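*Asks:* Dropping in data-v1.cif, with mmCIF, C-alpha atoms.
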```
data_data
#
loop_
_atom_site.label_atom_id
_atom_site.label_comp_id
_atom_site.auth_asym_id
_atom_site.auth_seq_id
_atom_site.Cartn_x
_atom_site.Cartn_y
_atom_site.Cartn_z
CA MET T 21 0.00 0.00 0.00
CA ALA T 22 1.53 3.30 -1.07
CA GLU T 23 1.42 6.15 1.44
CA ASP T 24 -0.98 8.17 -0.72
CA GLU T 25 -3.29 5.21 -1.38
CA LEU T 26 -5.58 3.75 1.24
CA ASN T 27 -7.77 0.69 1.17
CA VAL T 28 -9.53 1.41 4.44
CA ALA T 29 -10.73 -2.10 5.30
CA ASP T 30 -7.40 -3.77 4.46
CA ALA T 31 -5.37 -1.15 6.34
CA ILE T 32 -7.49 -1.40 9.48
CA ALA T 33 -7.37 -5.21 9.45
CA LYS T 34 -3.58 -5.17 9.12
CA TYR T 35 -2.42 -2.18 11.17
CA ASP T 36 -5.08 -1.70 13.87
CA PRO T 37 -5.08 -4.95 15.90
CA GLU T 38 -5.99 -3.16 19.14
CA ASN T 39 -8.92 -1.34 17.50
CA MET T 40 -7.87 2.25 18.08
CA ARG T 41 -10.41 3.34 15.47
CA GLN T 42 -13.27 1.98 17.56
CA ALA T 43 -11.86 3.66 20.68
CA ILE T 44 -12.01 6.99 18.83
CA LEU T 45 -15.50 6.35 17.52
CA SER T 46 -16.65 5.56 21.07
CA THR T 47 -15.94 9.15 22.14
CA PRO T 48 -19.66 10.04 22.26
CA ASP T 49 -20.35 7.14 24.64
CA GLN T 50 -17.27 8.01 26.71
CA SER T 51 -18.65 11.50 27.34
CA GLU T 52 -21.73 10.04 29.02
CA GLN T 53 -19.69 7.34 30.75
CA GLY T 54 -17.24 9.77 32.33
CA TYR T 55 -19.98 12.13 33.49
CA LYS T 56 -21.95 9.34 35.17
CA LEU T 57 -18.90 7.88 36.94
CA VAL T 58 -19.07 10.64 39.54
CA GLU T 59 -22.83 10.59 40.15
CA ALA T 60 -22.83 8.09 43.03
CA LEU T 61 -19.69 9.41 44.71
CA ASP T 62 -19.89 11.14 48.06
CA LEU T 63 -17.82 14.31 47.65
CA SER T 64 -18.67 15.76 51.04
CA ARG T 65 -15.11 15.15 52.27
CA ALA T 66 -13.98 17.68 49.65
CA GLY T 67 -16.41 20.36 50.66
CA GLY T 68 -13.93 23.13 51.39
CA LYS T 69 -14.03 26.71 50.19
CA TYR T 70 -11.66 26.56 47.25
CA HIS T 71 -10.21 29.57 45.48
CA SER T 72 -8.50 27.44 42.84
CA VAL T 73 -8.20 23.95 41.36
CA ILE T 74 -4.98 22.22 40.33
CA ILE T 75 -5.23 19.38 37.83
CA ALA T 76 -2.03 17.33 37.95
CA GLY T 77 -1.46 14.99 35.02
CA MET T 78 0.68 14.10 32.04
CA GLY T 79 -0.09 13.05 28.47
CA GLY T 80 -3.77 12.44 27.78
CA SER T 81 -4.64 13.11 31.41
CA ALA T 82 -3.09 16.57 31.16
CA ILE T 83 -4.92 17.24 27.90
CA ALA T 84 -8.20 16.42 29.62
CA GLY T 85 -7.32 19.11 32.17
CA LEU T 86 -6.23 21.63 29.54
CA LEU T 87 -9.47 21.10 27.61
CA LEU T 88 -11.45 21.58 30.81
CA GLN T 89 -9.52 24.78 31.47
CA ASN T 90 -10.39 26.02 27.93
CA PHE T 91 -14.03 24.97 28.24
CA LEU T 92 -14.49 26.69 31.60
CA SER T 93 -12.52 29.81 30.71
CA ASP T 94 -15.58 32.03 31.30
CA GLU T 95 -16.07 30.70 34.83
CA PRO T 96 -14.60 32.65 37.78
CA LEU T 97 -12.86 29.51 39.10
CA ARG T 98 -9.08 29.48 38.70
CA ILE T 99 -7.96 26.21 37.06
CA VAL T 100 -4.26 25.45 36.64
CA VAL T 101 -2.92 22.34 34.90
CA VAL T 102 0.39 21.01 36.23
CA GLN T 103 2.46 18.87 33.86
CA ASP T 104 5.46 18.50 36.14
CA TYR T 105 6.78 17.02 39.38
CA SER T 106 5.91 20.07 41.51
CA ILE T 107 2.82 22.14 42.16
CA PRO T 108 2.95 25.96 42.46
CA LYS T 109 4.18 27.46 45.72
CA TRP T 110 0.95 29.47 46.16
CA VAL T 111 -1.10 26.28 46.57
CA ASP T 112 -2.67 25.99 50.04
CA LYS T 113 -5.51 24.26 51.90
CA HIS T 114 -8.01 26.29 49.86
CA THR T 115 -6.76 24.66 46.66
CA LEU T 116 -8.45 21.50 45.44
CA VAL T 117 -6.01 19.16 43.70
CA ILE T 118 -7.26 16.59 41.18
CA ALA T 119 -4.51 14.04 40.54
CA CYS T 120 -5.33 12.44 37.21
CA SER T 121 -3.31 9.43 36.05
CA TYR T 122 -4.78 6.71 33.87
CA SER T 123 -2.22 4.09 34.92
CA GLY T 124 -1.89 5.43 38.44
CA ASN T 125 1.90 5.15 38.13
CA THR T 126 2.80 8.39 36.33
CA GLU T 127 5.80 9.58 38.32
CA GLU T 128 5.29 13.32 37.80
CA THR T 129 1.70 13.01 39.01
CA LEU T 130 2.73 10.88 42.00
CA SER T 131 5.24 13.57 42.97
CA ALA T 132 2.66 16.35 42.61
CA TYR T 133 0.17 14.27 44.62
CA LYS T 134 2.60 13.85 47.53
CA GLU T 135 3.46 17.53 47.52
CA ALA T 136 -0.23 18.44 47.59
CA ARG T 137 -0.74 16.14 50.56
CA ARG T 138 2.18 17.74 52.40
CA LYS T 139 0.62 21.16 51.82
CA GLY T 140 -2.67 20.03 53.36
CA CYS T 141 -4.71 20.21 50.16
CA ASP T 142 -7.86 18.23 49.57
CA VAL T 143 -7.01 15.72 46.83
CA ILE T 144 -9.29 13.75 44.53
CA VAL T 145 -7.72 10.96 42.49
CA VAL T 146 -8.89 9.97 38.99
CA THR T 147 -7.30 6.69 37.90
CA THR T 148 -7.64 3.02 36.97
CA GLY T 149 -5.45 1.91 39.88
CA GLY T 150 -1.68 1.78 40.42
CA LYS T 151 0.35 3.41 43.16
CA ILE T 152 -1.73 6.56 43.31
CA GLU T 153 -4.85 4.56 44.15
CA GLU T 154 -2.91 2.69 46.85
CA TYR T 155 -1.78 5.97 48.40
CA ALA T 156 -5.28 7.45 48.18
CA ARG T 157 -6.90 4.42 49.81
CA VAL T 158 -4.48 4.51 52.73
CA SER T 159 -5.35 8.19 53.23
CA LYS T 160 -9.08 7.53 52.68
CA LEU T 161 -9.30 10.06 49.85
CA ILE T 162 -11.98 10.30 47.18
CA ILE T 163 -11.15 8.07 44.21
CA VAL T 164 -12.83 8.12 40.80
CA ASN T 165 -12.12 4.73 39.22
CA ILE T 166 -12.21 4.98 35.44
CA PRO T 167 -12.49 1.91 33.16
CA THR T 168 -9.43 -0.01 32.04
CA GLY T 169 -8.72 -1.39 28.57
CA TYR T 170 -7.86 1.85 26.75
CA GLN T 171 -4.62 3.39 25.65
CA PRO T 172 -4.34 6.28 28.15
CA ARG T 173 -4.76 8.94 25.45
CA ALA T 174 -7.91 7.16 24.23
CA ALA T 175 -9.52 7.57 27.67
CA MET T 176 -9.09 11.35 27.68
CA THR T 177 -12.82 12.01 27.15
CA ILE T 178 -13.78 9.90 30.16
CA GLN T 179 -11.32 11.83 32.31
CA PHE T 180 -12.57 15.20 31.03
CA PHE T 181 -16.20 14.53 31.86
CA ALA T 182 -15.43 12.91 35.20
CA MET T 183 -13.50 16.03 36.25
CA LEU T 184 -16.20 18.34 34.90
CA ARG T 185 -18.81 16.53 37.00
CA ILE T 186 -16.59 16.75 40.09
CA LEU T 187 -16.43 20.52 39.75
CA GLU T 188 -20.18 20.73 39.16
CA LYS T 189 -21.06 18.57 42.18
CA LEU T 190 -18.80 20.69 44.36
CA ARG T 191 -20.62 23.76 42.99
CA LEU T 192 -17.37 25.30 41.82
CA VAL T 193 -18.79 25.83 38.31
CA GLU T 194 -22.28 26.10 36.88
CA SER T 195 -23.89 22.86 35.75
CA LYS T 196 -23.37 21.98 32.08
CA ALA T 197 -25.71 18.97 32.32
CA LYS T 198 -28.07 20.27 29.63
CA ASP T 199 -25.31 20.31 26.99
CA VAL T 200 -23.66 17.12 28.27
CA LEU T 201 -26.90 15.12 27.99
CA LYS T 202 -27.32 16.19 24.36
CA LEU T 203 -23.71 15.64 23.43
CA LYS T 204 -23.67 11.89 22.81
CA ASP T 205 -26.43 11.99 20.19
CA ASP T 206 -25.03 15.15 18.60
CA LEU T 207 -21.56 13.63 18.20
CA LYS T 208 -22.90 10.31 16.93
CA ALA T 209 -24.79 12.14 14.20
CA GLN T 210 -21.49 13.67 13.02
CA LEU T 211 -19.30 10.54 13.07
CA THR T 212 -19.73 9.48 9.43
CA THR T 213 -18.92 12.96 8.13
CA LEU T 214 -16.02 13.41 10.52
CA GLU T 215 -14.50 10.09 9.45
CA LYS T 216 -14.82 10.91 5.74
CA ASN T 217 -13.19 14.31 6.30
CA ALA T 218 -10.42 12.70 8.36
CA ILE T 219 -9.60 10.28 5.53
CA ILE T 220 -9.41 13.17 3.06
CA LEU T 221 -7.19 15.18 5.40
CA SER T 222 -4.89 12.22 6.03
CA GLU T 223 -4.26 11.99 2.30
CA LYS T 224 -3.07 15.61 2.28
CA LEU T 225 -0.72 14.77 5.16
CA ALA T 226 0.75 11.55 3.75
CA HIS T 227 4.06 13.19 2.78
CA LYS T 228 3.84 16.26 5.02
CA THR T 229 4.55 17.45 8.56
CA PRO T 230 1.35 18.80 10.16
CA LEU T 231 1.27 22.33 11.56
CA VAL T 232 -1.88 22.81 13.64
CA TYR T 233 -3.24 26.24 14.53
CA SER T 234 -6.18 27.47 16.58
CA SER T 235 -7.09 30.53 18.62
CA LYS T 236 -5.67 30.83 22.14
CA ARG T 237 -9.14 29.99 23.47
CA PHE T 238 -8.92 26.53 21.89
CA GLU T 239 -5.19 25.95 22.22
CA ALA T 240 -5.74 22.63 24.02
CA ILE T 241 -7.48 21.22 20.93
CA ALA T 242 -4.57 22.15 18.65
CA TYR T 243 -2.24 20.59 21.22
CA ARG T 244 -4.34 17.41 21.25
CA TRP T 245 -4.08 17.19 17.45
CA LYS T 246 -0.30 17.60 17.64
CA CYS T 247 0.07 14.89 20.31
CA GLN T 248 -2.18 12.48 18.43
CA PHE T 249 -0.06 12.83 15.28
CA ASN T 250 3.00 12.13 17.45
CA GLU T 251 1.61 9.04 19.20
CA ASN T 252 -0.83 7.56 16.69
CA SER T 253 0.96 8.41 13.43
CA LYS T 254 4.51 8.31 14.86
CA THR T 255 5.35 11.48 12.98
CA MET T 256 6.50 14.98 13.86
CA ALA T 257 3.81 17.62 14.25
CA PHE T 258 3.75 21.13 15.66
CA TYR T 259 1.13 23.55 16.92
CA HIS T 260 0.72 27.24 17.73
CA PHE T 261 -2.14 29.65 18.36
CA PHE T 262 -3.51 32.98 17.16
CA SER T 263 -2.75 35.69 17.53
CA GLU T 264 0.59 34.97 19.21
CA MET T 265 1.92 33.16 16.12
CA ASN T 266 1.47 36.39 14.15
CA HIS T 267 4.13 37.94 16.39
CA ASN T 268 6.82 35.33 15.68
CA GLU T 269 6.15 32.09 13.77
CA ILE T 270 4.52 33.79 10.79
CA GLN T 271 7.94 35.14 9.77
CA ALA T 272 9.18 31.55 9.27
CA PHE T 273 7.00 31.15 6.19
CA ILE T 274 9.58 33.15 4.23
CA ASN T 275 12.01 30.20 4.55
CA PRO T 276 9.92 27.26 5.81
CA ARG T 277 12.64 24.67 4.96
CA GLY T 278 10.31 21.73 5.43
CA ASN T 279 7.47 19.88 3.77
CA TYR T 280 4.57 21.17 5.83
CA HIS T 281 0.79 21.18 5.67
CA ALA T 282 -0.98 23.73 7.88
CA ILE T 283 -4.33 22.99 9.51
CA ILE T 284 -6.29 26.01 10.76
CA LEU T 285 -9.14 25.29 13.17
CA ARG T 286 -11.84 27.99 13.17
CA PHE T 287 -14.50 28.30 15.85
CA ASP T 288 -17.43 30.72 15.78
CA GLU T 289 -16.43 31.75 19.30
CA ASP T 290 -13.08 33.12 18.09
CA HIS T 291 -12.63 36.89 18.13
CA ARG T 292 -13.50 38.53 14.80
CA ARG T 293 -9.94 39.85 14.51
CA VAL T 294 -8.62 36.32 14.99
CA HIS T 295 -10.74 35.21 12.04
CA LYS T 296 -9.20 37.94 9.92
CA ARG T 297 -5.73 36.96 11.12
CA MET T 298 -6.40 33.36 10.08
CA THR T 299 -7.43 34.41 6.58
CA LEU T 300 -4.39 36.64 6.08
CA THR T 301 -2.04 34.05 7.56
CA LYS T 302 -3.32 31.36 5.22
CA GLU T 303 -2.53 33.65 2.27
CA ILE T 304 1.02 34.08 3.57
CA MET T 305 1.41 30.31 4.02
CA LEU T 306 0.30 29.59 0.48
CA LYS T 307 2.59 32.30 -0.89
CA GLY T 308 5.48 30.68 1.02
CA GLY T 309 4.74 27.31 -0.58
CA VAL T 310 3.05 25.74 2.43
CA SER T 311 -0.26 24.01 1.67
CA ALA T 312 -3.10 24.64 4.10
CA THR T 313 -6.51 23.33 5.08
CA GLU T 314 -8.97 25.55 6.89
CA ILE T 315 -11.58 23.73 9.00
CA GLY T 316 -14.72 25.39 10.32
CA ILE T 317 -15.73 23.56 13.49
CA ARG T 318 -19.47 22.94 13.77
CA GLY T 319 -21.77 21.80 16.56
CA THR T 320 -24.90 22.64 18.52
CA SER T 321 -22.99 23.73 21.64
CA LEU T 322 -19.48 24.66 22.68
CA LEU T 323 -18.97 21.12 24.01
CA SER T 324 -20.17 19.68 20.72
CA LYS T 325 -17.77 21.85 18.75
CA MET T 326 -14.81 21.03 20.96
CA PHE T 327 -15.33 17.28 20.86
CA SER T 328 -16.17 17.11 17.17
CA ALA T 329 -12.83 18.86 16.58
CA ILE T 330 -11.13 16.32 18.85
CA ILE T 331 -12.72 13.35 17.06
CA LEU T 332 -11.69 14.78 13.68
CA GLY T 333 -8.09 15.20 14.83
CA ASP T 334 -7.98 11.76 16.43
CA LEU T 335 -9.33 10.16 13.24
CA ALA T 336 -6.98 12.14 10.99
CA SER T 337 -4.02 10.89 13.02
CA PHE T 338 -5.43 7.35 12.89
CA TYR T 339 -5.81 7.35 9.10
CA LEU T 340 -2.40 8.93 8.67
CA ALA T 341 -1.06 5.97 10.69
CA MET T 342 -2.84 3.63 8.29
CA ARG T 343 -1.20 5.38 5.31
CA LEU T 344 2.19 5.15 7.00
CA ARG T 345 1.63 1.45 7.76
CA THR T 346 1.87 2.08 11.49
CA ASP T 347 0.01 0.53 14.42
CA PRO T 348 -1.55 3.60 16.12
CA SER T 349 -1.80 1.92 19.53
CA VAL T 350 1.78 0.94 20.29
CA VAL T 351 4.11 3.53 21.85
CA ASP T 352 7.32 1.51 22.14
CA LEU T 353 9.67 4.49 22.40
CA ILE T 354 7.70 5.94 25.30
CA GLU T 355 7.66 2.62 27.15
CA ASP T 356 11.35 1.96 26.48
CA PHE T 357 12.19 5.45 27.72
CA LYS T 358 10.28 4.83 30.97
CA ASN T 359 12.16 1.56 31.47
CA LYS T 360 15.51 3.30 30.98
CA LEU T 361 14.55 5.95 33.55
CA GLY T 362 14.15 3.17 36.08
CA PRO T 363 11.77 3.03 39.05
CA TYR T 364 10.70 6.32 40.59
CA VAL T 365 11.22 6.87 44.30
CA ALA T 366 9.28 9.87 45.62
#
```
Would you give me this structure, written as structure tokens?
*Replies:*
Amino acid sequence: MAEDELNVADAIAKYDPENMRQAILSTPDQSEQGYKLVEALDLSRAGGKYHSVIIAGMGGSAIAGLLLQNFLSDEPLRIVVVQDYSIPKWVDKHTLVIACSYSGNTEETLSAYKEARRKGCDVIVVTTGGKIEEYARVSKLIIVNIPTGYQPRAAMTIQFFAMLRILEKLRLVESKAKDVLKLKDDLKAQLTTLEKNAIILSEKLAHKTPLVYSSKRFEAIAYRWKCQFNENSKTMAFYHFFSEMNHNEIQAFINPRGNYHAIILRFDEDHRRVHKRMTLTKEIMLKGGVSATEIGIRGTSLLSKMFSAIILGDLASFYLAMRLRTDPSVVDLIEDFKNKLGPYVA
């Protein structure tokens, strides 16, 4: 199979033994699943007066937090995502910490968890198990057990909606239940079109390096696209956001020195000047010899738009993996790197 030719059924049968495609297509169901996971939990032990929330996580768990931060950007609650071993020095007992680790063994998150405990913070753990669940059980903390059987990045939607429901139940943000309850059906209605568009986009990317752009408001979505190309397609990809990129990266299109394809994600919620910047920037890209695809993100709600964009990016990275004859599920380099690091001692 040539990189620019794709027999979908044959490629999936040969290169997707762990069924990553189906994991992506289950995103609508995952939204409902994650939201309902928290319904029966007693959160009264985390009933403090919080001025801020820290979400500690790495990889897909961090992206779930970053997306939540973007989604709730109009809320007065301060949400900070920590992708590191340490939490900010200003954190105190009025900071709620959500330690999110799919495996439960992510060393950066374990370190942040222990630091939060030393600072006297209330901590809620979102995980499938591992060391972080062991620690949380000993300390009798609130644990949200999410389902196993996914690649961690493929469980991002479950983590997002579980954390959203936590914040709602604690009355730290307004309820989004009305939009969440409509989301599954809305996304399912879009799946066929999203998959067709992803296949078309993957063809444009077969011999290219993706450059993904969005507004600052939706930076986490562009970042998700970039990471999915890295992990699923095993290829380099880069991202930036408007209008910051117009103050630096735009100049690079004079001498791009690479075989790039730009993807510009447009949302109705973007500032009108950002829309104009996107149009002008695309003209500059094309003049510099860089091909570009502009994508208008559609949906009946902000949640619908965000997750339709995520599904499209996930599927584009999946079908690019098929074109590159790559299993999208395996992440051997990441696992080998962790083994070389050796066991983590907090």
*Asks:* Counting all atoms listed in the file, which residues of range 62-87 of chain T sit at most 9 Å from some atom of range 128-142 of chain T, and what is each one's closest atom pair with its distance in Å to one decimal, listed by chain and rising residue number, as a tab-separated table?
*Replies:*
```
residue	atom	partner	partner_atom	distance
T:Arg65	CA	T:Asp142	CA	8.3
T:Ala66	CA	T:Asp142	CA	6.1
T:Gly67	CA	T:Asp142	CA	8.9
T:Gly68	CA	T:Asp142	CA	8.0
T:Ala76	CA	T:Thr129	CA	5.8
T:Gly77	CA	T:Thr129	CA	5.5
T:Met78	CA	T:Thr129	CA	7.1
```
*Asks:* Which value, in Å to one decimal, gives the distance between CA of Lys236 in chain T and CA of Gln179 in chain T?
*Replies:*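 CA of Lys236 in chain T sits 22.3 Å away from CA of Gln179 in chain T.
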*Asks:* Report the distance between CA of Leu86 in chain T and CA of Arg191 in chain T in Å, rounded to one decimal place.
*Replies:*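 Straight-line distance from CA of Leu86 in chain T to CA of Arg191 in chain T works out to 19.8 Å.
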*Asks:* How big is the axis-aligned box around all listed atoms of range 262-273 of chain T once 8 Å goes on each side, and where's its centre, in Å to one decimal, as lines of an AutoDock Vina configuration file?
*Replies:*
```
center_x = 2.8
center_y = 34.5
center_z = 12.7
size_x = 28.7
size_y = 22.8
size_z = 29.0
```
*Asks:* Near Leu57 in chain T, counting only C-alpha atoms, which residues have an atom at most 9 Å away, once you skip same-chain residues fewer than 4 positions from it, shown as a ChimeraX atom specification?
*Replies:* /T:52-53,61,164-166,178,181-182,185
*Asks:* Interatomic distance between CA of Asp290 in chain T and CA of Gly309 in chain T?
*Replies:*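 Calculated distance between CA of Asp290 in chain T and CA of Gly309 in chain T is 26.5 Å.
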